[in-house]
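Participant: Sharing my_file-v4.tsv (TSV, C-alpha atoms and all ligand atoms) below.
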chain	number	residue	atom	x	y	z
V	1	MET	CA	1.11	-3.89	14.19
V	2	LEU	CA	1.27	-5.38	10.70
V	3	VAL	CA	-1.29	-8.03	9.78
V	4	PHE	CA	-1.05	-10.00	6.55
V	5	VAL	CA	-4.13	-11.75	5.25
V	6	THR	CA	-3.81	-14.51	2.74
V	7	SER	CA	-5.48	-17.64	1.42
V	8	HIS	CA	-4.58	-20.49	-0.88
V	9	LYS	CA	-7.74	-20.02	-2.89
V	10	GLY	CA	-9.59	-17.02	-4.24
V	11	GLY	CA	-13.14	-16.46	-3.04
V	12	THR	CA	-12.45	-17.46	0.55
V	13	GLY	CA	-13.84	-14.27	2.06
V	14	ARG	CA	-10.37	-13.00	2.93
V	15	SER	CA	-10.71	-9.47	1.53
V	16	VAL	CA	-14.23	-8.78	2.75
V	17	THR	CA	-13.44	-10.08	6.23
V	18	ALA	CA	-10.19	-8.11	6.34
V	19	ALA	CA	-11.98	-4.91	5.25
V	20	ASN	CA	-14.56	-5.42	7.99
V	21	ILE	CA	-11.80	-6.01	10.53
V	22	ALA	CA	-10.17	-2.75	9.40
V	23	TYR	CA	-13.53	-1.00	9.78
V	24	ARG	CA	-14.15	-2.42	13.26
V	25	SER	CA	-10.61	-1.54	14.29
V	26	ALA	CA	-11.13	2.08	13.22
V	27	LEU	CA	-14.52	2.23	14.94
V	28	SER	CA	-12.86	1.08	18.16
V	29	GLY	CA	-10.60	4.13	18.00
V	30	LYS	CA	-7.49	2.59	16.44
V	31	SER	CA	-5.91	4.31	13.48
V	32	THR	CA	-6.06	1.76	10.70
V	33	CYS	CA	-4.91	1.37	7.14
V	34	TYR	CA	-5.65	-1.28	4.54
V	35	LEU	CA	-3.25	-2.09	1.73
V	36	ASP	CA	-4.49	-3.76	-1.43
V	37	TYR	CA	-1.63	-6.15	-2.20
V	38	ASP	CA	-3.88	-8.34	-4.32
V	39	PHE	CA	-1.81	-7.21	-7.26
V	40	GLY	CA	-3.59	-9.20	-9.95
V	41	SER	CA	-7.04	-7.97	-8.91
V	42	PRO	CA	-6.88	-4.73	-6.89
V	43	THR	CA	-10.58	-4.24	-6.18
V	44	ALA	CA	-10.64	-3.26	-2.49
V	45	GLY	CA	-12.32	0.04	-3.48
V	46	ILE	CA	-15.51	-1.92	-4.15
V	47	THR	CA	-15.82	-3.17	-0.58
V	48	PHE	CA	-15.07	0.29	0.85
V	49	GLN	CA	-17.44	1.76	-1.78
V	50	ILE	CA	-14.96	4.32	-3.04
V	51	PRO	CA	-15.94	5.13	-6.65
V	52	GLN	CA	-12.53	6.36	-7.82
V	53	ALA	CA	-10.84	3.17	-6.64
V	54	VAL	CA	-13.18	0.33	-7.63
V	55	ASN	CA	-10.42	-1.42	-9.54
V	56	GLY	CA	-7.42	0.52	-8.30
V	57	VAL	CA	-6.63	4.19	-8.91
V	58	GLU	CA	-5.92	5.78	-12.26
V	59	GLY	CA	-2.99	7.94	-11.00
V	60	SER	CA	-0.29	8.85	-13.51
V	61	GLY	CA	2.69	11.21	-13.75
V	62	PRO	CA	5.61	11.58	-11.36
V	63	SER	CA	3.63	11.63	-8.13
V	64	ARG	CA	0.28	9.87	-8.42
V	65	GLY	CA	-0.59	6.22	-8.50
V	66	GLY	CA	-1.37	3.08	-6.57
V	67	LEU	CA	0.79	0.54	-4.78
V	68	HIS	CA	2.00	-1.09	-8.01
V	69	ARG	CA	3.63	2.15	-9.15
V	70	TYR	CA	5.14	2.84	-5.74
V	71	LEU	CA	6.66	-0.63	-5.40
V	72	ARG	CA	8.13	-0.44	-8.89
V	73	GLY	CA	9.82	2.82	-7.92
V	74	GLU	CA	7.81	5.09	-10.25
V	75	ILE	CA	6.43	7.38	-7.53
V	76	PRO	CA	7.80	8.37	-4.11
V	77	SER	CA	4.69	7.29	-2.20
V	78	PRO	CA	1.42	5.53	-3.02
V	79	GLU	CA	-1.92	7.33	-3.06
V	80	ARG	CA	-3.97	7.17	0.11
V	81	LEU	CA	-7.73	7.44	0.34
V	82	ASP	CA	-9.47	8.47	3.51
V	83	VAL	CA	-12.37	6.00	3.68
V	84	TRP	CA	-14.45	8.24	5.96
V	85	GLY	CA	-14.10	11.10	3.48
V	86	SER	CA	-14.31	9.33	0.15
V	87	SER	CA	-16.79	6.45	0.49
V	88	GLU	CA	-20.03	6.97	-1.40
V	89	ARG	CA	-21.86	5.40	1.50
V	90	ALA	CA	-23.45	8.06	3.68
V	91	SER	CA	-23.18	5.96	6.85
V	92	LEU	CA	-19.41	5.71	6.34
V	93	ARG	CA	-18.95	9.39	5.59
V	94	GLN	CA	-20.38	10.30	9.01
V	95	ARG	CA	-17.24	9.36	10.87
V	96	PRO	CA	-18.33	8.35	14.35
V	97	VAL	CA	-16.98	10.33	17.29
V	98	GLY	CA	-14.02	8.56	18.83
V	99	SER	CA	-13.16	6.50	15.78
V	100	GLY	CA	-9.64	6.23	14.41
V	101	SER	CA	-8.53	7.10	10.92
V	102	LEU	CA	-9.38	4.58	8.20
V	103	VAL	CA	-7.18	4.78	5.14
V	104	LEU	CA	-7.08	2.67	1.98
V	105	LEU	CA	-3.91	2.33	-0.07
V	106	PRO	CA	-5.29	1.07	-3.37
V	107	GLY	CA	-3.50	-0.68	-6.20
V	108	GLN	CA	-3.00	0.77	-9.64
V	109	ARG	CA	-5.80	0.47	-12.22
V	110	ASN	CA	-5.05	-2.35	-14.65
V	111	GLY	CA	-2.21	-3.33	-12.36
V	112	SER	CA	-1.15	-6.93	-12.59
V	113	GLU	CA	1.04	-9.39	-10.73
V	114	PHE	CA	4.75	-8.67	-10.93
V	115	GLY	CA	7.85	-10.55	-9.94
V	116	PHE	CA	10.05	-10.26	-6.92
V	117	THR	CA	13.13	-8.05	-6.79
V	118	SER	CA	15.14	-6.92	-3.79
V	119	ASP	CA	14.37	-3.29	-4.73
V	120	ILE	CA	10.65	-3.97	-4.49
V	121	ALA	CA	11.12	-5.69	-1.11
V	122	ARG	CA	13.17	-2.72	0.13
V	123	ARG	CA	10.51	-0.20	-0.93
V	124	CYS	CA	7.89	-2.41	0.66
V	125	ALA	CA	9.83	-2.49	3.95
V	126	GLU	CA	10.18	1.32	3.88
V	127	LEU	CA	6.43	1.67	3.37
V	128	PHE	CA	5.58	-0.77	6.19
V	129	LEU	CA	7.90	1.11	8.53
V	130	ARG	CA	6.31	4.46	7.67
V	131	LEU	CA	2.80	3.06	8.15
V	132	GLU	CA	3.78	1.36	11.41
V	133	GLU	CA	4.84	4.78	12.73
V	134	GLU	CA	1.48	6.25	11.85
V	135	PHE	CA	-1.12	3.52	12.34
V	136	ASP	CA	-2.07	1.18	15.15
V	137	LEU	CA	-3.05	-1.45	12.59
V	138	THR	CA	-1.77	-1.94	9.05
V	139	LEU	CA	-3.70	-4.69	7.26
V	140	VAL	CA	-2.18	-6.06	4.07
V	141	ASP	CA	-4.46	-8.06	1.76
V	142	LEU	CA	-2.15	-10.35	-0.25
V	143	SER	CA	-2.78	-12.09	-3.57
V	144	ALA	CA	-3.99	-15.65	-3.09
V	145	GLY	CA	-1.71	-18.67	-3.12
V	146	ARG	CA	2.06	-18.85	-3.36
V	147	SER	CA	2.17	-15.34	-4.71
V	148	TYR	CA	4.90	-12.80	-5.25
V	149	ALA	CA	2.90	-10.54	-2.95
V	150	SER	CA	3.60	-12.93	-0.07
V	151	HIS	CA	7.25	-13.24	-1.09
V	152	ILE	CA	7.56	-9.45	-1.02
V	153	ALA	CA	5.82	-9.23	2.37
V	154	LEU	CA	7.95	-12.02	3.88
V	155	ALA	CA	11.17	-10.50	2.57
V	156	ALA	CA	10.19	-7.02	3.77
V	157	THR	CA	9.24	-8.16	7.27
V	158	ALA	CA	12.54	-10.04	7.56
V	159	THR	CA	14.59	-6.87	7.09
V	160	PRO	CA	16.32	-5.70	10.31
V	161	SER	CA	14.51	-2.33	10.32
V	162	LEU	CA	11.22	-4.21	10.91
V	163	GLY	CA	12.69	-6.66	13.41
V	164	LYS	CA	10.89	-5.12	16.40
V	165	VAL	CA	7.54	-4.64	14.67
V	166	THR	CA	4.79	-7.15	15.49
V	167	ALA	CA	3.73	-8.94	12.32
V	168	ARG	CA	0.90	-11.46	12.22
V	169	TRP	CA	-0.38	-13.74	9.48
V	170	LEU	CA	-3.95	-14.85	8.91
V	171	VAL	CA	-4.75	-17.66	6.49
V	172	PHE	CA	-8.39	-17.66	5.40
V	173	HIS	CA	-10.28	-20.71	4.28
V	174	ARG	CA	-13.80	-21.97	3.81
V	175	TRP	CA	-15.01	-25.00	5.68
V	176	THR	CA	-14.60	-27.67	3.01
V	177	PRO	CA	-12.02	-30.46	2.56
V	178	GLN	CA	-10.37	-28.68	-0.36
V	179	HIS	CA	-10.07	-25.39	1.52
V	180	VAL	CA	-8.81	-26.91	4.77
V	181	THR	CA	-6.17	-28.90	2.91
V	182	ALA	CA	-5.16	-25.90	0.80
V	183	ALA	CA	-4.86	-23.60	3.82
V	184	ALA	CA	-2.57	-26.06	5.62
V	185	ASP	CA	-0.57	-26.45	2.45
V	186	LEU	CA	-0.09	-22.70	2.05
V	187	ALA	CA	1.04	-22.36	5.65
V	188	PHE	CA	3.18	-25.44	6.23
V	189	GLU	CA	4.23	-27.17	3.01
V	190	ALA	CA	7.16	-26.54	0.66
V	191	GLY	CA	6.96	-23.11	-0.93
V	192	GLY	CA	4.44	-22.01	1.74
V	193	ILE	CA	4.60	-19.15	4.20
V	194	LEU	CA	6.83	-20.77	6.82
V	195	ALA	CA	9.22	-22.21	4.25
V	196	ILE	CA	9.55	-19.01	2.23
V	197	GLY	CA	9.76	-16.96	5.42
V	198	GLU	CA	12.69	-19.06	6.58
V	199	GLU	CA	14.42	-18.54	3.22
V	200	TYR	CA	14.19	-14.80	3.72
V	201	GLY	CA	15.62	-15.04	7.22
V	202	HIS	CA	12.60	-15.33	9.50
V	203	GLU	CA	13.04	-17.37	12.62
V	204	PRO	CA	10.79	-20.39	11.88
V	205	GLU	CA	9.25	-20.82	15.35
V	206	ARG	CA	8.52	-17.13	15.71
V	207	LEU	CA	6.85	-17.05	12.30
V	208	ARG	CA	4.82	-20.16	13.15
V	209	GLU	CA	3.62	-18.53	16.37
V	210	SER	CA	2.48	-15.48	14.45
V	211	LEU	CA	0.25	-17.44	12.08
V	212	ARG	CA	-3.42	-18.28	12.61
V	213	PHE	CA	-6.32	-19.55	10.52
V	214	VAL	CA	-9.76	-18.00	10.01
V	215	ARG	CA	-12.79	-19.98	8.83
V	216	THR	CA	-15.25	-18.03	6.75
V	217	ALA	CA	-18.85	-18.29	5.61
V	218	LEU	CA	-19.43	-20.99	8.17
V	219	ILE	CA	-22.76	-22.76	8.62
V	220	ASP	CA	-23.20	-24.10	12.12
V	221	ALA	CA	-24.23	-27.72	11.54
V	222	ARG	CA	-25.74	-27.73	15.05
V	223	GLY	CA	-27.35	-24.29	14.85
V	224	PRO	CA	-30.92	-23.11	14.22
V	225	GLU	CA	-30.12	-22.10	10.62
V	226	VAL	CA	-30.11	-25.75	9.53
V	227	GLY	CA	-33.41	-26.47	11.31
V	228	HIS	CA	-35.41	-26.10	8.10
V	229	LEU	CA	-33.34	-28.72	6.27
V	230	ASP	CA	-34.42	-32.26	5.67
V	231	LEU	CA	-33.36	-34.58	8.52
V	232	ALA	CA	-31.14	-36.56	6.15
V	233	GLN	CA	-29.42	-33.32	5.14
V	234	GLN	CA	-28.96	-32.32	8.77
V	235	ALA	CA	-27.38	-35.68	9.58
V	236	PHE	CA	-25.12	-35.42	6.53
V	237	LEU	CA	-24.02	-31.93	7.55
V	238	LEU	CA	-23.09	-33.15	11.03
V	239	LYS	CA	-21.06	-35.98	9.52
V	240	CYS	CA	-19.26	-33.55	7.19
V	241	ASP	CA	-18.56	-31.21	10.09
V	242	ASP	CA	-17.06	-34.02	12.18
V	243	GLU	CA	-14.90	-35.16	9.28
V	244	LEU	CA	-13.72	-31.60	8.69
V	245	LEU	CA	-12.87	-31.15	12.36
V	246	GLU	CA	-10.73	-34.28	12.18
V	247	LEU	CA	-9.08	-33.21	8.92
V	248	ALA	CA	-8.36	-29.72	10.29
V	249	ARG	CA	-6.85	-31.16	13.46
V	250	ARG	CA	-4.63	-33.52	11.47
V	251	LYS	CA	-3.46	-30.73	9.16
V	252	GLY	CA	-2.63	-28.27	11.95
V	253	VAL	CA	-5.63	-26.08	11.15
V	254	GLY	CA	-7.54	-27.08	14.28
V	255	ARG	CA	-8.73	-25.23	17.32
V	256	THR	CA	-5.32	-24.24	18.70
V	257	THR	CA	-4.20	-22.48	15.52
V	258	GLN	CA	-7.56	-20.93	14.72
V	259	LEU	CA	-8.07	-17.25	15.49
V	260	GLY	CA	-11.79	-17.32	14.83
V	261	SER	CA	-14.54	-17.83	12.32
V	262	VAL	CA	-17.19	-15.81	10.51
V	263	PRO	CA	-20.67	-17.19	9.93
V	264	LEU	CA	-22.26	-17.25	6.53
V	265	ASP	CA	-24.11	-13.98	6.06
V	266	PRO	CA	-26.76	-13.52	3.35
V	267	LEU	CA	-25.77	-9.90	2.81
V	268	LEU	CA	-22.17	-10.84	2.06
V	269	GLN	CA	-23.28	-13.54	-0.34
V	270	TRP	CA	-24.93	-10.85	-2.40
V	271	ARG	CA	-22.49	-8.03	-1.97
V	272	GLU	CA	-18.96	-7.31	-0.78
V	273	GLN	CA	-19.27	-4.49	1.73
V	274	LEU	CA	-18.58	-3.22	5.23
V	275	ILE	CA	-21.37	-4.19	7.58
V	276	SER	CA	-22.42	-1.19	9.62
V	277	ASP	CA	-24.38	-1.24	12.85
V	278	HIS	CA	-27.20	0.32	10.81
V	279	ASP	CA	-27.23	-2.79	8.57
V	280	VAL	CA	-27.77	-4.86	11.71
V	281	GLN	CA	-30.43	-2.53	13.12
V	282	THR	CA	-32.37	-2.71	9.86
V	283	LYS	CA	-31.88	-6.49	9.92
V	284	ILE	CA	-30.29	-6.83	6.49
V	285	ALA	CA	-27.19	-8.30	8.14
V	286	ASN	CA	-26.93	-10.71	11.05
V	287	VAL	CA	-25.70	-9.39	14.36
V	288	ARG	CA	-23.53	-12.49	14.85
V	289	THR	CA	-21.58	-11.61	11.70
V	290	VAL	CA	-20.64	-8.25	13.20
V	291	ASP	CA	-19.93	-9.96	16.52
V	292	ALA	CA	-17.49	-12.24	14.68
V	293	PHE	CA	-15.73	-9.28	13.05
V	294	VAL	CA	-15.49	-7.48	16.39
V	295	GLU	CA	-14.13	-10.60	18.08
V	296	LEU	CA	-11.52	-11.19	15.37
V	297	THR	CA	-10.43	-7.56	15.64
V	298	ALA	CA	-10.09	-7.81	19.40
V	299	LYS	CA	-8.15	-11.06	19.14
V	300	LEU	CA	-5.66	-9.54	16.72
V	301	PHE	CA	-4.60	-7.23	19.54
V	302	ASP	CA	-5.01	-9.75	22.35
V	303	GLU	CA	-1.66	-11.31	23.29
V	304	ILE	CA	-3.39	-14.29	24.90
V	305	ALA	CA	-4.79	-15.33	21.52
V	306	TRP	CA	-1.21	-15.45	20.23
V	307	GLU	CA	0.35	-17.50	22.97
V	308	THR	CA	1.41	-20.93	21.82
V	309	ALA	CA	-0.62	-23.82	23.05
Y	1	LIG	N1	-19.17	-14.54	5.86
Y	1	LIG	C1	-19.58	-14.57	4.59
Y	1	LIG	N2	-20.81	-15.06	4.27
Y	1	LIG	C2	-21.22	-15.10	2.98
Y	1	LIG	N3	-20.49	-14.67	1.93
Y	1	LIG	C3	-19.26	-14.17	2.20
Y	1	LIG	C4	-18.74	-14.11	3.52
Y	1	LIG	N4	-17.49	-13.56	3.46
Y	1	LIG	C5	-17.26	-13.29	2.16
Y	1	LIG	N5	-18.32	-13.64	1.39
Y	1	LIG	C6	-18.45	-13.49	-0.06
Y	1	LIG	O1	-17.60	-14.41	-0.71
Y	1	LIG	C7	-17.07	-13.83	-1.89
Y	1	LIG	C8	-15.54	-13.90	-1.87
Y	1	LIG	O2	-15.08	-13.05	-0.84
Y	1	LIG	P1	-13.73	-12.22	-0.98
Y	1	LIG	O3	-13.53	-11.49	0.29
Y	1	LIG	O4	-13.71	-11.45	-2.25
Y	1	LIG	O5	-12.72	-13.46	-1.08
Y	1	LIG	P2	-11.16	-13.49	-1.41
Y	1	LIG	O6	-10.58	-12.17	-1.06
Y	1	LIG	O7	-10.67	-14.61	-0.57
Y	1	LIG	O8	-11.06	-13.81	-2.88
Y	1	LIG	C9	-17.57	-12.40	-1.94
Y	1	LIG	O9	-18.68	-12.31	-2.81
Y	1	LIG	C10	-17.96	-12.11	-0.50
Y	1	LIG	O10	-18.95	-11.12	-0.38
Y	2	MG	MG	-9.81	-10.72	-2.34
Show the structure stored in the file as structure tokens.

Facilitator:
Amino acid sequence: MLVFVTSHKGGTGRSVTAANIAYRSALSGKSTCYLDYDFGSPTAGITFQIPQAVNGVEGSGPSRGGLHRYLRGEIPSPERLDVWGSSERASLRQRPVGSGSLVLLPGQRNGSEFGFTSDIARRCAELFLRLEEEFDLTLVDLSAGRSYASHIALAATATPSLGKVTARWLVFHRWTPQHVTAAADLAFEAGGILAIGEEYGHEPERLRESLRFVRTALIDARGPEVGHLDLAQQAFLLKCDDELLELARRKGVGRTTQLGSVPLDPLLQWREQLISDHDVQTKIANVRTVDAFVELTAKLFDEIAWETA
């Protein structure tokens, strides 16, 4: 299965959540790979804590390099990093028994955004097909907004060779008016995912059914974490939450198109990283954050979550 993660804004929590989904997928025994298609800022190596890939890989010459070089046709295949083997984090290097492979395909160091060509889309489709053969889950972290990365992904997935492959789209947003509006815009408005997908030959209804929203860094306005706030603040939060629920419903970002949500976690506010079970045991991360990642991962594979309402 191919899963594309995107957002209208930067800083939504898209990459960190996607990396944690990849991690949870691998822990559950599924072979998983993560592609850094955030071409303007290829920093996935930071979250996976892989020193040689913090801002893409250096690779040069006729055979080495990141996704940028592969897509431009400079190398026959992009570099792959085994996360279990190359993370500097000891708890990641001890690959748990029964886990699946976890592979990062990083971008190129100093790589930047580039335009769309049919050659790039063709190479992209070839790569997706190869990865689909090998991995249970291929997660592609796209540049934010109406990016060339999403054009390339939409064109590639519309090619006949990928016609039978399940492809799903997750749009990430924070729980604010600006983010809800922007997420709906990226999905449904002119120049957005559905519109561009249709231009490249996707069947509009099928594409719509394969798209869901994910709310990130959520504070439960009715939960214990707001108990310490002033009563006026608590009341204001509830009002905001109600207004947001109404806005989301109106914009098509409501309950029926939502795959799930991730609570605000103090650890993730301070650092982009995979949350291990050890982080929960030592209480530096909240168990409900991991629960949310596990649930999102399960739902990606759960056909019921993808049935139309
Ligand atoms: N659930 C969360 N709670 C708190 N902070 C989060 C959460 N998810 C992500 N963050 C933080 O928000 C920032 C932006 O996240 P990132 O994944 O880089 O966003 P994007 O890929 O959308 O630009 C990062 O510092 C990240 O650690
Ligand atoms: Mg990102």

Participant: Which residues form the shell of 8 Å around ligand MG 2 (chain Y) when you count only C-alpha atoms and all ligand atoms, given as a ChimeraX atom specification?

Facilitator: /V:10-16,38,41,43-44,141-144

Participant: Return as AutoDock Vina command-line options the box centre and box size in Å, one decimal, for an axis-aligned box around all listed atoms of ligand LIG 1 (chain Y) padded by 5 Å per side.

Facilitator:
--center_x -15.9 --center_y -13.1 --center_z 1.5 --size_x 20.6 --size_y 14.0 --size_z 18.7

Participant: Could you please extract the residues within 7 Å of ligand LIG 1 (chain Y), counting all atoms listed in the file, and hand them back as a VMD selection string?

Facilitator: chain V and resid 7 9 to 17 216 to 218 262 to 273 289

Participant: Considering all atoms listed in the file, state which residue in the set V:Val226, V:Ala221, V:Ala298, V:Leu170 is at the smallest distance from V:Val253.

Facilitator: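 Closest to V:Val253 of all the choices is V:Leu170.
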
Participant: So which residues touch stretch 59-72 of chain V within 6 Å, counting all atoms listed in the file, skipping near sequence neighbours fewer than 2 positions away, as a count of residues only?

Facilitator: 11

Participant: Calculate how many Å separate atom CA of V:Leu274 from atom CA of V:Phe213, rounding to one decimal.

Facilitator: 21.1 Å

Participant: For V:Ala125, which residue out of V:Glu246, V:Glu189, V:Gly223, V:Ala155 is the nearest one, using all atoms listed in the file?

Facilitator: V:Ala155

Participant: Could you pull the residues within 10 Å of V:Ala182, counting all atoms listed in the file, minus those fewer than 6 positions along the same chain, as number ranges by chain?

Facilitator: V: 7-9, 145, 172-174, 176, 188-189, 251

Participant: Please return, as JSON, numbers by chain, all polymer residues that have at least one atom within 9 Å of the point (-13.5, 0.2, 10.0); use all atoms listed in the file and the file's own coordinate frame.

Facilitator: {"V": [19, 20, 21, 22, 23, 24, 25, 26, 27, 28, 32, 83, 92, 99, 100, 101, 102, 274]}

Participant: Determine the nearest neighbour of V:Gly252 from the options V:Thr47, V:Ser147, V:Thr181, V:Ser87, counting all atoms listed in the file.

Facilitator: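 Answer, going by the shortest atom-to-atom distance: V:Thr181.
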
Participant: Given the choices V:Val171, V:Ile304, V:Leu35, V:Leu259, which gets closest to V:Leu194 if the distance is worked out from all atoms listed in the file?

Facilitator: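 Using all atoms listed in the file, V:Leu194 sits closest to V:Val171.
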
Participant: For atom CA of V:Phe4 and atom CA of V:Gly163, determine how far apart the two atoms are, in Å to one decimal place.

Facilitator: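 Spanning atom CA of V:Phe4 to atom CA of V:Gly163 is a straight-line distance of 15.7 Å.
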
Participant: Between atom CA of V:Val140 and atom CA of V:Asn286, what distance in Å does the model show, to one decimal?

Facilitator: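 Between atom CA of V:Val140 and atom CA of V:Asn286 the gap is 26.1 Å.
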
Participant: Using all atoms listed in the file for the distances, tell me which of V:Leu300, V:Ala232, V:Val280, V:Leu211 is nearest to V:Thr257.

Facilitator: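 Result for the nearest residue to V:Thr257: V:Leu211.
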
Participant: From the options V:Ile284, V:Leu154, V:Val103, V:Ile275, which residue's atoms come nearest to V:Ser118, counting only C-alpha atoms?

Facilitator: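 Answer, going by the shortest atom-to-atom distance: V:Leu154.
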